[in-house]
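**Q** Below is the file protein05.cif, with mmCIF, C-alpha atoms.
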```
data_target
loop_
_atom_site.label_atom_id
_atom_site.label_comp_id
_atom_site.auth_asym_id
_atom_site.auth_seq_id
_atom_site.Cartn_x
_atom_site.Cartn_y
_atom_site.Cartn_z
CA MET A 195 15.94 51.15 -13.25
CA LYS A 196 19.14 49.09 -13.61
CA ASN A 197 19.58 49.11 -9.84
CA LYS A 198 16.01 47.78 -9.37
CA ILE A 199 16.64 44.96 -11.85
CA ALA A 200 19.93 44.08 -10.17
CA LEU A 201 18.23 44.06 -6.77
CA ALA A 202 15.44 41.81 -8.09
CA LEU A 203 17.96 39.35 -9.57
CA LEU A 204 19.89 39.32 -6.29
CA CYS A 205 16.70 38.55 -4.36
CA LEU A 206 15.82 35.77 -6.83
CA ALA A 207 19.29 34.24 -6.55
CA THR A 208 19.08 34.36 -2.76
CA THR A 209 15.65 32.68 -2.81
CA VAL A 210 16.80 29.92 -5.18
CA SER A 211 19.97 29.21 -3.23
CA ALA A 212 18.00 29.06 0.03
CA ALA A 213 15.61 26.42 -1.36
CA PRO A 214 16.71 22.79 -0.95
CA ALA A 215 18.14 21.28 -4.13
CA ARG A 216 16.09 18.47 -5.63
CA ARG A 217 18.06 15.31 -6.30
CA PRO A 218 17.99 13.98 -9.87
CA VAL A 219 16.86 10.40 -10.38
CA ASN A 220 19.85 8.04 -10.32
CA TYR A 221 19.87 4.98 -12.59
CA ASP A 222 23.58 4.20 -12.28
CA PRO A 223 24.39 1.58 -9.61
CA ALA A 224 27.97 2.92 -9.48
CA LYS A 225 26.62 6.21 -8.13
CA ILE A 226 24.89 4.66 -5.12
CA GLY A 227 26.77 6.10 -2.18
CA PRO A 228 27.46 4.47 1.19
CA TYR A 229 24.60 4.25 3.67
CA THR A 230 23.89 2.62 7.01
CA LEU A 231 20.67 0.85 7.97
CA GLU A 232 19.25 0.91 11.47
CA ASP A 233 19.01 -2.37 13.37
CA PRO A 234 15.35 -3.41 13.67
CA LEU A 235 16.20 -5.07 16.99
CA THR A 236 17.74 -1.98 18.62
CA PHE A 237 15.63 0.68 20.33
CA LEU A 238 16.10 4.38 19.56
CA SER A 239 17.81 4.66 22.94
CA GLY A 240 20.54 2.33 21.66
CA LYS A 241 19.39 -0.55 23.85
CA LYS A 242 19.36 -3.89 22.05
CA MET A 243 16.42 -6.23 22.42
CA THR A 244 17.09 -9.25 24.60
CA SER A 245 13.75 -11.08 24.51
CA PRO A 246 10.80 -11.49 22.10
CA GLU A 247 8.54 -9.88 24.71
CA GLN A 248 10.21 -6.54 23.92
CA TRP A 249 9.16 -6.67 20.27
CA ARG A 250 5.77 -5.05 20.89
CA ALA A 251 7.44 -1.95 22.30
CA ARG A 252 10.02 -1.82 19.50
CA ARG A 253 7.33 -2.32 16.85
CA ARG A 254 5.33 0.54 18.36
CA GLU A 255 8.45 2.70 18.26
CA ILE A 256 8.94 1.89 14.56
CA LEU A 257 5.32 2.66 13.67
CA ASP A 258 5.52 5.97 15.54
CA ILE A 259 8.55 6.96 13.43
CA PHE A 260 6.67 6.33 10.18
CA ALA A 261 3.57 8.12 11.48
CA ARG A 262 5.59 11.15 12.51
CA GLU A 263 8.04 11.33 9.60
CA MET A 264 6.53 9.73 6.48
CA TYR A 265 2.96 8.41 6.27
CA GLY A 266 1.29 10.74 8.75
CA GLN A 267 -0.64 9.78 11.85
CA GLU A 268 -2.81 6.68 11.70
CA PRO A 269 -6.48 7.60 11.19
CA PRO A 270 -8.67 7.07 14.25
CA ALA A 271 -10.94 4.07 14.59
CA PRO A 272 -14.45 4.64 13.22
CA GLU A 273 -17.11 6.07 15.51
CA CYS A 274 -19.04 2.92 14.62
CA ILE A 275 -19.41 0.53 11.71
CA LYS A 276 -22.75 -0.06 10.04
CA ILE A 277 -22.76 -2.78 7.38
CA GLU A 278 -25.60 -2.96 4.86
CA LEU A 279 -26.00 -5.86 2.44
CA ILE A 280 -27.01 -4.18 -0.82
CA GLU A 281 -27.28 -7.23 -3.05
CA GLU A 282 -26.37 -10.93 -3.05
CA LYS A 283 -26.50 -13.70 -5.62
CA GLU A 284 -26.00 -17.41 -5.07
CA GLY A 285 -24.49 -19.11 -8.09
CA ALA A 286 -22.58 -16.22 -9.64
CA LEU A 287 -19.58 -16.89 -11.90
CA ALA A 288 -21.04 -19.98 -13.59
CA GLY A 289 -22.46 -21.18 -10.29
CA PHE A 290 -19.18 -21.39 -8.38
CA ALA A 291 -19.45 -18.19 -6.35
CA VAL A 292 -21.60 -16.18 -4.03
CA ARG A 293 -21.45 -12.52 -5.06
CA SER A 294 -22.28 -9.98 -2.37
CA GLN A 295 -22.19 -6.19 -2.37
CA TYR A 296 -21.96 -4.35 0.92
CA ARG A 297 -22.06 -0.70 1.91
CA MET A 298 -20.19 0.28 5.05
CA TRP A 299 -21.05 3.43 7.02
CA PHE A 300 -19.09 4.97 9.87
CA LYS A 301 -21.78 6.93 11.66
CA ALA A 302 -24.81 5.52 13.46
CA ASP A 303 -27.22 7.58 11.33
CA LYS A 304 -25.52 6.46 8.08
CA SER A 305 -24.54 10.00 7.21
CA GLY A 306 -21.21 11.05 5.76
CA PRO A 307 -18.77 8.93 3.74
CA CYS A 308 -19.34 5.26 3.03
CA LEU A 309 -17.42 2.50 1.23
CA ASP A 310 -18.79 -0.03 -1.24
CA PHE A 311 -17.28 -3.52 -1.06
CA LEU A 312 -17.60 -6.37 -3.53
CA VAL A 313 -17.24 -9.83 -1.96
CA LEU A 314 -16.81 -13.02 -4.00
CA ARG A 315 -16.63 -16.24 -2.01
CA PRO A 316 -16.65 -19.92 -2.97
CA ARG A 317 -20.07 -21.51 -3.12
CA PHE A 318 -18.70 -25.04 -2.85
CA GLY A 319 -15.72 -26.74 -1.27
CA ALA A 320 -14.64 -24.17 1.33
CA GLU A 321 -16.20 -24.13 4.79
CA LYS A 322 -14.18 -21.06 5.73
CA ALA A 323 -12.56 -19.22 2.84
CA ARG A 324 -9.48 -17.08 3.48
CA PRO A 325 -10.25 -13.53 2.37
CA VAL A 326 -7.90 -11.67 0.04
CA ILE A 327 -8.49 -7.99 0.73
CA PHE A 328 -7.38 -5.24 -1.66
CA LEU A 329 -8.35 -1.90 -3.15
CA ASN A 330 -8.92 -1.60 -6.90
CA TYR A 331 -8.09 1.32 -9.15
CA GLY A 332 -11.28 1.96 -11.07
CA GLY A 333 -14.31 0.40 -9.40
CA ASN A 334 -15.59 -3.03 -8.41
CA HIS A 335 -17.31 -3.40 -11.80
CA LYS A 336 -13.87 -3.81 -13.45
CA LEU A 337 -13.19 -7.08 -11.63
CA ILE A 338 -15.84 -9.31 -13.22
CA PRO A 339 -18.15 -8.97 -16.28
CA ASP A 340 -21.30 -8.89 -14.18
CA ARG A 341 -23.94 -6.26 -14.88
CA GLU A 342 -25.20 -6.42 -11.31
CA VAL A 343 -21.96 -5.02 -9.89
CA ILE A 344 -22.46 -1.38 -8.96
CA ILE A 345 -20.63 1.23 -11.05
CA PRO A 346 -19.13 3.96 -8.88
CA GLU A 347 -20.63 7.42 -9.03
CA GLY A 348 -19.58 10.79 -7.72
CA MET A 349 -17.07 13.56 -8.25
CA TRP A 350 -14.21 11.47 -6.84
CA SER A 351 -14.21 9.27 -9.96
CA HIS A 352 -12.74 12.23 -11.90
CA ALA A 353 -9.40 11.42 -10.29
CA GLN A 354 -9.09 8.38 -12.54
CA GLY A 355 -10.19 10.16 -15.69
CA HIS A 356 -11.78 6.94 -16.98
CA GLN A 357 -15.09 6.22 -18.69
CA VAL A 358 -16.02 3.73 -16.01
CA SER A 359 -19.10 2.37 -17.76
CA LYS A 360 -16.90 0.93 -20.54
CA GLN A 361 -14.63 -0.99 -18.17
CA ARG A 362 -16.96 -3.63 -16.81
CA GLY A 363 -15.06 -6.89 -16.41
CA THR A 364 -11.86 -5.63 -18.02
CA GLN A 365 -9.65 -7.33 -15.42
CA CYS A 366 -10.77 -10.72 -16.71
CA ASP A 367 -8.85 -10.07 -19.93
CA PRO A 368 -5.64 -12.20 -19.78
CA ASN A 369 -3.91 -9.80 -22.16
CA ARG A 370 -3.98 -6.99 -19.62
CA LYS A 371 -1.10 -6.25 -17.25
CA THR A 372 -3.43 -6.60 -14.28
CA VAL A 373 -5.88 -9.49 -14.08
CA LEU A 374 -8.07 -11.02 -11.41
CA PRO A 375 -8.29 -14.81 -11.85
CA VAL A 376 -11.28 -15.19 -9.56
CA GLY A 377 -11.80 -18.85 -10.44
CA MET A 378 -8.23 -19.68 -9.43
CA LEU A 379 -8.67 -17.92 -6.10
CA LEU A 380 -12.06 -19.44 -5.29
CA SER A 381 -10.99 -22.97 -6.20
CA SER A 382 -7.93 -22.55 -3.95
CA GLY A 383 -10.11 -21.75 -0.95
CA PHE A 384 -9.83 -17.97 -1.03
CA ALA A 385 -12.44 -15.24 -1.23
CA VAL A 386 -12.09 -11.75 -2.68
CA ILE A 387 -12.97 -8.47 -0.95
CA SER A 388 -12.44 -5.28 -2.95
CA CYS A 389 -13.28 -1.59 -2.83
CA CYS A 390 -12.36 1.30 -5.14
CA TYR A 391 -9.49 3.33 -3.70
CA CYS A 392 -10.75 6.65 -5.05
CA GLN A 393 -13.91 6.28 -2.99
CA VAL A 394 -11.58 6.32 0.01
CA SER A 395 -9.34 9.19 -1.10
CA PRO A 396 -9.22 10.56 -4.66
CA ASP A 397 -5.80 10.33 -6.30
CA PRO A 398 -5.27 13.14 -8.83
CA LEU A 399 -2.11 13.54 -10.88
CA HIS A 400 0.27 16.29 -9.84
CA THR A 401 -0.30 17.81 -13.29
CA GLU A 402 -4.05 18.23 -12.75
CA GLY A 403 -5.09 21.62 -14.13
CA ASP A 404 -8.62 21.91 -12.78
CA PRO A 405 -8.41 23.62 -9.35
CA ARG A 406 -11.36 21.55 -8.11
CA PHE A 407 -9.48 18.31 -8.58
CA ARG A 408 -5.89 19.11 -7.61
CA GLN A 409 -4.14 16.91 -5.10
CA GLU A 410 -4.62 19.46 -2.37
CA PRO A 411 -7.35 19.68 -1.21
CA PHE A 412 -9.26 17.19 -3.43
CA ALA A 413 -7.32 14.16 -2.14
CA TYR A 414 -8.47 15.04 1.37
CA THR A 415 -12.14 14.41 0.65
CA GLY A 416 -13.81 10.98 0.77
CA VAL A 417 -13.30 9.39 4.18
CA PHE A 418 -11.24 12.40 5.31
CA GLU A 419 -14.58 14.02 6.15
CA LEU A 420 -14.74 11.66 9.13
CA TRP A 421 -11.65 13.21 10.72
CA GLY A 422 -12.52 16.88 10.87
CA LYS A 423 -10.73 19.96 9.61
CA ARG A 424 -7.03 19.52 8.81
CA ASP A 425 -4.51 21.49 10.82
CA GLU A 426 -2.16 22.71 8.08
CA SER A 427 0.43 23.76 10.65
CA ARG A 428 1.11 20.10 11.42
CA THR A 429 3.76 18.13 9.54
CA ASP A 430 2.24 14.72 10.35
CA ASN A 431 -1.33 14.99 9.08
CA ILE A 432 -3.18 11.90 7.86
CA THR A 433 -2.23 11.12 4.25
CA SER A 434 -3.91 9.36 1.35
CA LEU A 435 -1.66 6.31 1.86
CA GLY A 436 -2.77 6.27 5.48
CA ALA A 437 -6.41 6.51 4.42
CA TRP A 438 -6.06 3.68 1.90
CA ALA A 439 -4.42 1.50 4.56
CA TRP A 440 -7.28 2.40 6.94
CA ALA A 441 -9.81 1.29 4.30
CA LEU A 442 -8.06 -2.07 3.93
CA CYS A 443 -8.52 -2.53 7.66
CA ARG A 444 -12.22 -1.79 7.20
CA GLY A 445 -12.28 -4.59 4.62
CA LEU A 446 -10.99 -6.86 7.37
CA ASP A 447 -13.77 -5.60 9.65
CA LEU A 448 -16.20 -6.70 6.96
CA ALA A 449 -14.57 -10.12 6.69
CA GLU A 450 -14.97 -10.58 10.44
CA ASN A 451 -18.72 -10.08 9.98
CA ILE A 452 -19.13 -12.73 7.28
CA PRO A 453 -19.39 -16.17 8.95
CA GLN A 454 -18.27 -18.03 5.81
CA LEU A 455 -14.88 -16.29 5.82
CA ASP A 456 -11.79 -17.15 7.87
CA ALA A 457 -10.84 -13.61 8.90
CA LYS A 458 -8.01 -14.89 11.10
CA HIS A 459 -6.15 -15.89 7.93
CA ALA A 460 -6.80 -12.74 5.92
CA VAL A 461 -4.35 -11.64 3.22
CA VAL A 462 -3.89 -7.99 2.28
CA THR A 463 -2.43 -7.20 -1.14
CA GLY A 464 -2.09 -4.58 -3.84
CA TYR A 465 0.37 -3.30 -6.42
CA SER A 466 2.16 0.00 -6.98
CA ARG A 467 0.75 2.72 -4.68
CA LEU A 468 -1.78 0.24 -3.37
CA GLY A 469 1.05 -2.20 -2.65
CA LYS A 470 2.45 0.54 -0.41
CA ALA A 471 -0.97 0.87 1.22
CA ALA A 472 -1.20 -2.91 1.75
CA LEU A 473 2.23 -2.92 3.38
CA LEU A 474 1.29 -0.03 5.66
CA ALA A 475 -2.00 -1.68 6.59
CA ALA A 476 -0.26 -4.94 7.52
CA ALA A 477 2.37 -3.09 9.55
CA ARG A 478 -0.28 -1.17 11.49
CA ASP A 479 -2.92 -3.88 11.91
CA GLU A 480 -1.77 -7.18 13.39
CA ARG A 481 -5.06 -8.85 12.46
CA PHE A 482 -3.74 -9.40 8.92
CA ASP A 483 -2.16 -12.83 8.83
CA ALA A 484 -0.28 -12.21 5.58
CA CYS A 485 0.73 -9.36 3.29
CA VAL A 486 1.74 -9.61 -0.37
CA ALA A 487 3.13 -6.24 -1.50
CA ILE A 488 3.55 -6.20 -5.28
CA GLN A 489 5.78 -3.80 -7.24
CA CYS A 490 5.48 -1.04 -4.64
CA GLY A 491 8.99 0.42 -5.09
CA GLY A 492 10.05 3.71 -3.52
CA GLY A 493 7.99 4.80 -0.55
CA GLY A 494 6.99 1.16 -0.10
CA ALA A 495 9.47 -1.72 0.16
CA ALA A 496 12.57 -0.22 -1.51
CA LEU A 497 15.34 1.37 0.54
CA ALA A 498 15.29 5.17 0.26
CA LYS A 499 18.92 5.53 1.35
CA ARG A 500 20.10 3.68 -1.78
CA ASP A 501 18.91 6.68 -3.80
CA PHE A 502 18.28 4.64 -6.93
CA GLY A 503 15.26 5.16 -9.20
CA GLU A 504 12.30 6.88 -7.60
CA ASN A 505 13.52 9.01 -4.72
CA ILE A 506 12.09 11.13 -1.92
CA ALA A 507 12.36 14.27 -4.07
CA THR A 508 10.15 12.81 -6.80
CA GLU A 509 7.76 11.28 -4.27
CA THR A 510 7.11 14.50 -2.38
CA ARG A 511 6.81 16.53 -5.60
CA MET A 512 4.57 14.19 -7.61
CA PHE A 513 2.58 12.58 -4.80
CA ARG A 514 2.31 15.19 -2.08
CA HIS A 515 -0.90 13.69 -0.72
CA TRP A 516 0.73 10.28 -0.17
CA TYR A 517 3.25 11.51 2.39
CA CYS A 518 3.18 13.96 5.26
CA LYS A 519 5.09 17.26 5.12
CA ALA A 520 7.78 15.99 7.49
CA TYR A 521 9.07 13.56 4.86
CA ASP A 522 10.15 16.34 2.51
CA LYS A 523 13.09 17.37 4.67
CA TYR A 524 14.92 14.14 3.82
CA ALA A 525 14.84 14.72 0.05
CA VAL A 526 18.15 16.57 -0.25
CA ASN A 527 20.32 13.68 0.95
CA PRO A 528 18.44 10.58 2.14
CA ALA A 529 21.56 8.53 2.92
CA LYS A 530 22.81 11.22 5.27
CA LEU A 531 19.58 12.62 6.73
CA LEU A 532 17.25 9.63 7.15
CA THR A 533 17.25 8.01 10.58
CA PHE A 534 15.03 5.13 9.39
CA ASP A 535 14.33 3.24 6.19
CA GLN A 536 11.77 0.91 4.67
CA HIS A 537 13.29 -2.27 6.09
CA LEU A 538 11.90 -1.16 9.45
CA LEU A 539 8.38 -0.98 8.00
CA LEU A 540 8.81 -4.50 6.63
CA ALA A 541 10.04 -5.66 10.04
CA ALA A 542 6.88 -4.27 11.66
CA VAL A 543 4.95 -7.08 9.93
CA ALA A 544 6.97 -9.76 11.77
CA PRO A 545 6.37 -12.48 12.78
CA ARG A 546 3.44 -12.69 10.35
CA LYS A 547 3.82 -13.55 6.65
CA LEU A 548 5.24 -11.00 4.22
CA LEU A 549 5.96 -11.53 0.51
CA VAL A 550 7.51 -8.68 -1.50
CA ALA A 551 7.20 -8.92 -5.29
CA GLY A 552 9.54 -6.79 -7.40
CA PHE A 553 9.49 -5.45 -10.95
CA ASP A 554 12.49 -4.93 -13.22
CA ASP A 555 11.79 -1.31 -14.19
CA PRO A 556 14.69 0.62 -12.58
CA TRP A 557 12.27 3.28 -11.30
CA PHE A 558 11.09 0.69 -8.75
CA ASP A 559 14.59 -0.31 -7.55
CA THR A 560 13.63 -3.90 -6.93
CA GLU A 561 17.14 -4.76 -5.74
CA GLY A 562 16.53 -2.16 -3.04
CA GLU A 563 13.39 -4.12 -2.11
CA PHE A 564 15.40 -7.34 -1.85
CA LEU A 565 17.99 -5.64 0.35
CA ALA A 566 15.22 -4.24 2.55
CA CYS A 567 13.88 -7.77 3.03
CA ARG A 568 17.39 -8.94 3.90
CA ALA A 569 17.78 -6.13 6.46
CA ALA A 570 14.35 -6.85 7.98
CA SER A 571 14.91 -10.60 8.22
CA PRO A 572 16.47 -10.56 11.72
CA ALA A 573 13.08 -9.56 13.15
CA TRP A 574 11.52 -12.85 12.01
CA GLU A 575 14.51 -14.85 13.17
CA PHE A 576 14.52 -13.18 16.59
CA LEU A 577 10.82 -14.01 16.98
CA GLY A 578 11.38 -17.68 16.19
CA ARG A 579 10.28 -17.72 12.56
CA PRO A 580 12.35 -18.45 9.43
CA GLY A 581 13.67 -15.29 7.82
CA LEU A 582 14.61 -14.62 4.22
CA PRO A 583 16.37 -17.61 2.63
CA GLN A 584 20.14 -17.11 2.38
CA VAL A 585 20.40 -16.65 -1.36
CA SER A 586 21.84 -13.92 -3.57
CA PHE A 587 19.67 -11.47 -5.50
CA PRO A 588 17.46 -13.85 -7.51
CA ALA A 589 16.85 -13.75 -11.25
CA ASP A 590 13.44 -13.06 -12.76
CA PHE A 591 10.81 -15.64 -11.81
CA ASP A 592 13.25 -17.37 -9.44
CA THR A 593 11.41 -18.12 -6.18
CA SER A 594 14.43 -19.35 -4.19
CA ALA A 595 14.20 -16.25 -1.95
CA VAL A 596 10.64 -17.08 -0.89
CA GLY A 597 10.59 -18.57 2.59
CA PRO A 598 7.57 -19.73 4.59
CA PHE A 599 7.18 -16.40 6.44
CA LEU A 600 9.31 -13.85 4.58
CA GLY A 601 9.94 -13.88 0.87
CA TYR A 602 10.98 -11.92 -2.19
CA TYR A 603 10.80 -12.52 -5.93
CA ARG A 604 10.91 -10.36 -9.02
CA ARG A 605 9.72 -10.60 -12.58
CA SER A 606 9.72 -8.81 -15.92
CA GLN A 607 6.66 -8.10 -18.12
CA GLY A 608 4.16 -5.38 -17.21
CA HIS A 609 3.45 -3.32 -14.14
CA GLY A 610 0.45 -4.83 -12.36
CA ILE A 611 -0.81 -8.03 -10.73
CA ALA A 612 -0.47 -10.88 -13.22
CA SER A 613 -1.65 -14.47 -12.84
CA PHE A 614 1.93 -15.36 -11.87
CA ASP A 615 1.64 -13.04 -8.85
CA TRP A 616 -1.73 -14.44 -7.80
CA LEU A 617 -0.33 -17.97 -7.91
CA ARG A 618 2.58 -16.88 -5.71
CA LEU A 619 0.08 -15.33 -3.29
CA ILE A 620 -1.99 -18.49 -3.11
CA ARG A 621 1.01 -20.71 -2.45
CA PHE A 622 2.60 -18.33 0.07
CA ALA A 623 -0.48 -17.37 2.07
CA GLY A 624 -2.24 -20.73 1.80
CA GLU A 625 0.42 -22.76 3.56
CA GLU A 626 0.17 -23.21 7.31
#
```
Mind turning the file's structure into structure tokens?
**A**
Amino acid sequence: MKNKIALALLCLATTVSAAPARRPVNYDPAKIGPYTLEDPLTFLSGKKMTSPEQWRARRREILDIFAREMYGQEPPAPECIKIELIEEKEGALAGFAVRSQYRMWFKADKSGPCLDFLVLRPRFGAEKARPVIFLNYGGNHKLIPDREVIIPEGMWSHAQGHQVSKQRGTQCDPNRKTVLPVGMLLSSGFAVISCCYCQVSPDPLHTEGDPRFRQEPFAYTGVFELWGKRDESRTDNITSLGAWAWALCRGLDLAENIPQLDAKHAVVTGYSRLGKAALLAAARDERFDACVAIQCGGGGAALAKRDFGENIATETRMFRHWYCKAYDKYAVNPAKLLTFDQHLLLAAVAPRKLLVAGFDDPWFDTEGEFLACRAASPAWEFLGRPGLPQVSFPADFDTSAVGPFLGYYRRSQGHGIASFDWLRLIRFAGEE
């Protein structure tokens, strides 16, 4: 009996030692080790770019790295797009807006998954409004206190765990960490296009106990039904972040079909995980004229090699559906193992507009976001656009690092999109 116990303990010790060690979260700047960042203007072959005409090939190379090693392959284009106007009201929001609700299908017979979009555009004073496209966390009905806005239904809403019927118009409350100042946006010549992200891909917590709603396979429902059975032997399958980015691109498709909107000057935005999705959408789809990625931290704009705050180990353990399996192999020692970092994803947006907004919580490593912007800046400069202003790491609410095409700022207060962030978006994206 003793020999059996000893053998079992030996086998357990061997199994544990063979498993990769998970890195603890580091909050001490003194413990950030040395790391080297890849040059956005140098091909994988080692050849340096010599002309702007080569940027398309280098950008494709960068996107292929992220598709293969981090975010999974980009979802395919829809078989078709069928847009149905469900409801429209002239004179919404005290008469200043046109409120429209659209349903978008991706099969000719309108079978399978669909997405519900809320569109708010100026009724007066804007011949062609610039659309701000984003995904919301709990349903379109949260954005404005309007009883005509459709409340989401379906099993996917379990992922939020909210009583959605009690949240109508909650994002108009100025005391909340996330607000939507629709009047400010409309009067500045912008429109709003929004869709609930859980309708795209549900987003359960990693602690979910109900087997029906765990991250795998529940996250791979929604629009994932369009892409067939998953091949679990692959390490680069489509991820939830990839699906959310894909849905943002479908919002741009919708904007292109609304004559009153200026789809050529579309802005994609979001915060936290949906800030990551906005950044990925802008990197992949050159139709977006501007991207404002807010408080997206690790796995978004922050450098992974700095190994400060959220790290690859926590990302691939807590959010397995956000990243492809290939990304997990870098968790043991990002600074040593990674052959890319988030500054390259930022660079893939060049020469279009990119504004990164940081948050002081150390989990988000906002200094790592600033440094990623600094490392990506040569791409804008090489392509003939101003890069990041030459300033040191700015203080809270200091906008000196915001240039006309690439910018960074940070703030304190809560985690979300505040009126301060919306004002920064309007000023950054609204300037020619």
**Q** Which residues match the PyMOL selection byres ((chain A and resi 462) around 9) in the file above, as a list of chain:residue names?
**A**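 With the shown file as input, the PyMOL selection byres ((chain A and resi 462) around 9) matches A:Pro325, A:Val326, A:Ile327, A:Phe328, A:Leu442, A:Cys443, A:Leu446, A:Ala460, A:Val461, A:Thr463, A:Gly464, A:Ala472, A:Leu473, A:Ala475, A:Ala476, A:Phe482, A:Asp483, A:Ala484, A:Cys485, A:Val486, A:Ala487.
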**Q** How about saving the chosen residues, C-alpha atoms kept, as a PDB file, keeping the file's coordinate frame?
**A**
```pdb
ATOM      1  CA  PRO A 325     -10.250 -13.530   2.370  1.00  0.00           C
ATOM      2  CA  VAL A 326      -7.900 -11.670   0.040  1.00  0.00           C
ATOM      3  CA  ILE A 327      -8.490  -7.990   0.730  1.00  0.00           C
ATOM      4  CA  PHE A 328      -7.380  -5.240  -1.660  1.00  0.00           C
ATOM      5  CA  LEU A 442      -8.060  -2.070   3.930  1.00  0.00           C
ATOM      6  CA  CYS A 443      -8.520  -2.530   7.660  1.00  0.00           C
ATOM      7  CA  LEU A 446     -10.990  -6.860   7.370  1.00  0.00           C
ATOM      8  CA  ALA A 460      -6.800 -12.740   5.920  1.00  0.00           C
ATOM      9  CA  VAL A 461      -4.350 -11.640   3.220  1.00  0.00           C
ATOM     10  CA  THR A 463      -2.430  -7.200  -1.140  1.00  0.00           C
ATOM     11  CA  GLY A 464      -2.090  -4.580  -3.840  1.00  0.00           C
ATOM     12  CA  ALA A 472      -1.200  -2.910   1.750  1.00  0.00           C
ATOM     13  CA  LEU A 473       2.230  -2.920   3.380  1.00  0.00           C
ATOM     14  CA  ALA A 475      -2.000  -1.680   6.590  1.00  0.00           C
ATOM     15  CA  ALA A 476      -0.260  -4.940   7.520  1.00  0.00           C
ATOM     16  CA  PHE A 482      -3.740  -9.400   8.920  1.00  0.00           C
ATOM     17  CA  ASP A 483      -2.160 -12.830   8.830  1.00  0.00           C
ATOM     18  CA  ALA A 484      -0.280 -12.210   5.580  1.00  0.00           C
ATOM     19  CA  CYS A 485       0.730  -9.360   3.290  1.00  0.00           C
ATOM     20  CA  VAL A 486       1.740  -9.610  -0.370  1.00  0.00           C
ATOM     21  CA  ALA A 487       3.130  -6.240  -1.500  1.00  0.00           C
TER      22      ALA A 487
END
```
**Q** Once the PyMOL selection byres ((chain A and resi 311) around 10) has been applied to the shown file, what residues remain in the selection, as a ChimeraX atom specification?
**A** /A:279-280,294-298,308-310,312-314,329,333-334,344,386-390,444-445,448
**Q** Which polymer residues, whether protein, DNA or RNA, lie within 6 Å of the coordinate (2.6, -3.7, -4.0) when you count all atoms listed in the file? List them as an MDAnalysis selection string, using the chain letters and numbers from the file.
**A** chainID A and resid 464:466 468:470 487:490
**Q** Taking into account all atoms listed in the file, which residue in the set A:Pro346, A:Gly492, A:Gly363, A:Gly266 is nearest to Cys518 in chain A?
**A**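 The shortest atom-to-atom distance to Cys518 in chain A comes from A:Gly266.
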**Q** Report the residues retrieved by the PyMOL selection byres ((chain A and resi 372) around 8) from the displayed file, expressed as a PyMOL selection string.
**A** chain A and resi 365+370-371+373-374+609-612
**Q** Between A:Arg254, A:Lys519, A:Lys301, A:Arg341, which residue has the minimum interatomic distance to Leu287 in chain A, considering all atoms listed in the file?
**A**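 Answer, going by the shortest atom-to-atom distance: A:Arg341.
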**Q** Do a neighbour search on Gln536 in chain A at 7 Å with all atoms listed in the file, toss out local chain neighbours closer than 3 positions, and write the hits as a compact mmCIF listing (two decimals) with C-alpha atoms, in the coordinates of the input.
**A**
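Saved as out_2.txt:
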```txt
# COMPACT_ATOMS: atom_id res chain seq x y z
CA GLY A 494 6.99 1.16 -0.10
CA ALA A 495 9.47 -1.72 0.16
CA ALA A 496 12.57 -0.22 -1.51
CA LEU A 497 15.34 1.37 0.54
CA LEU A 539 8.38 -0.98 8.00
CA LEU A 540 8.81 -4.50 6.63
CA ALA A 566 15.22 -4.24 2.55
```
**Q** Record the distance separating CA of Val526 in chain A and CA of Met264 in chain A, expressed in Å with one decimal.
**A**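 Answer for the CA of Val526 in chain A to CA of Met264 in chain A separation: 15.1 Å.
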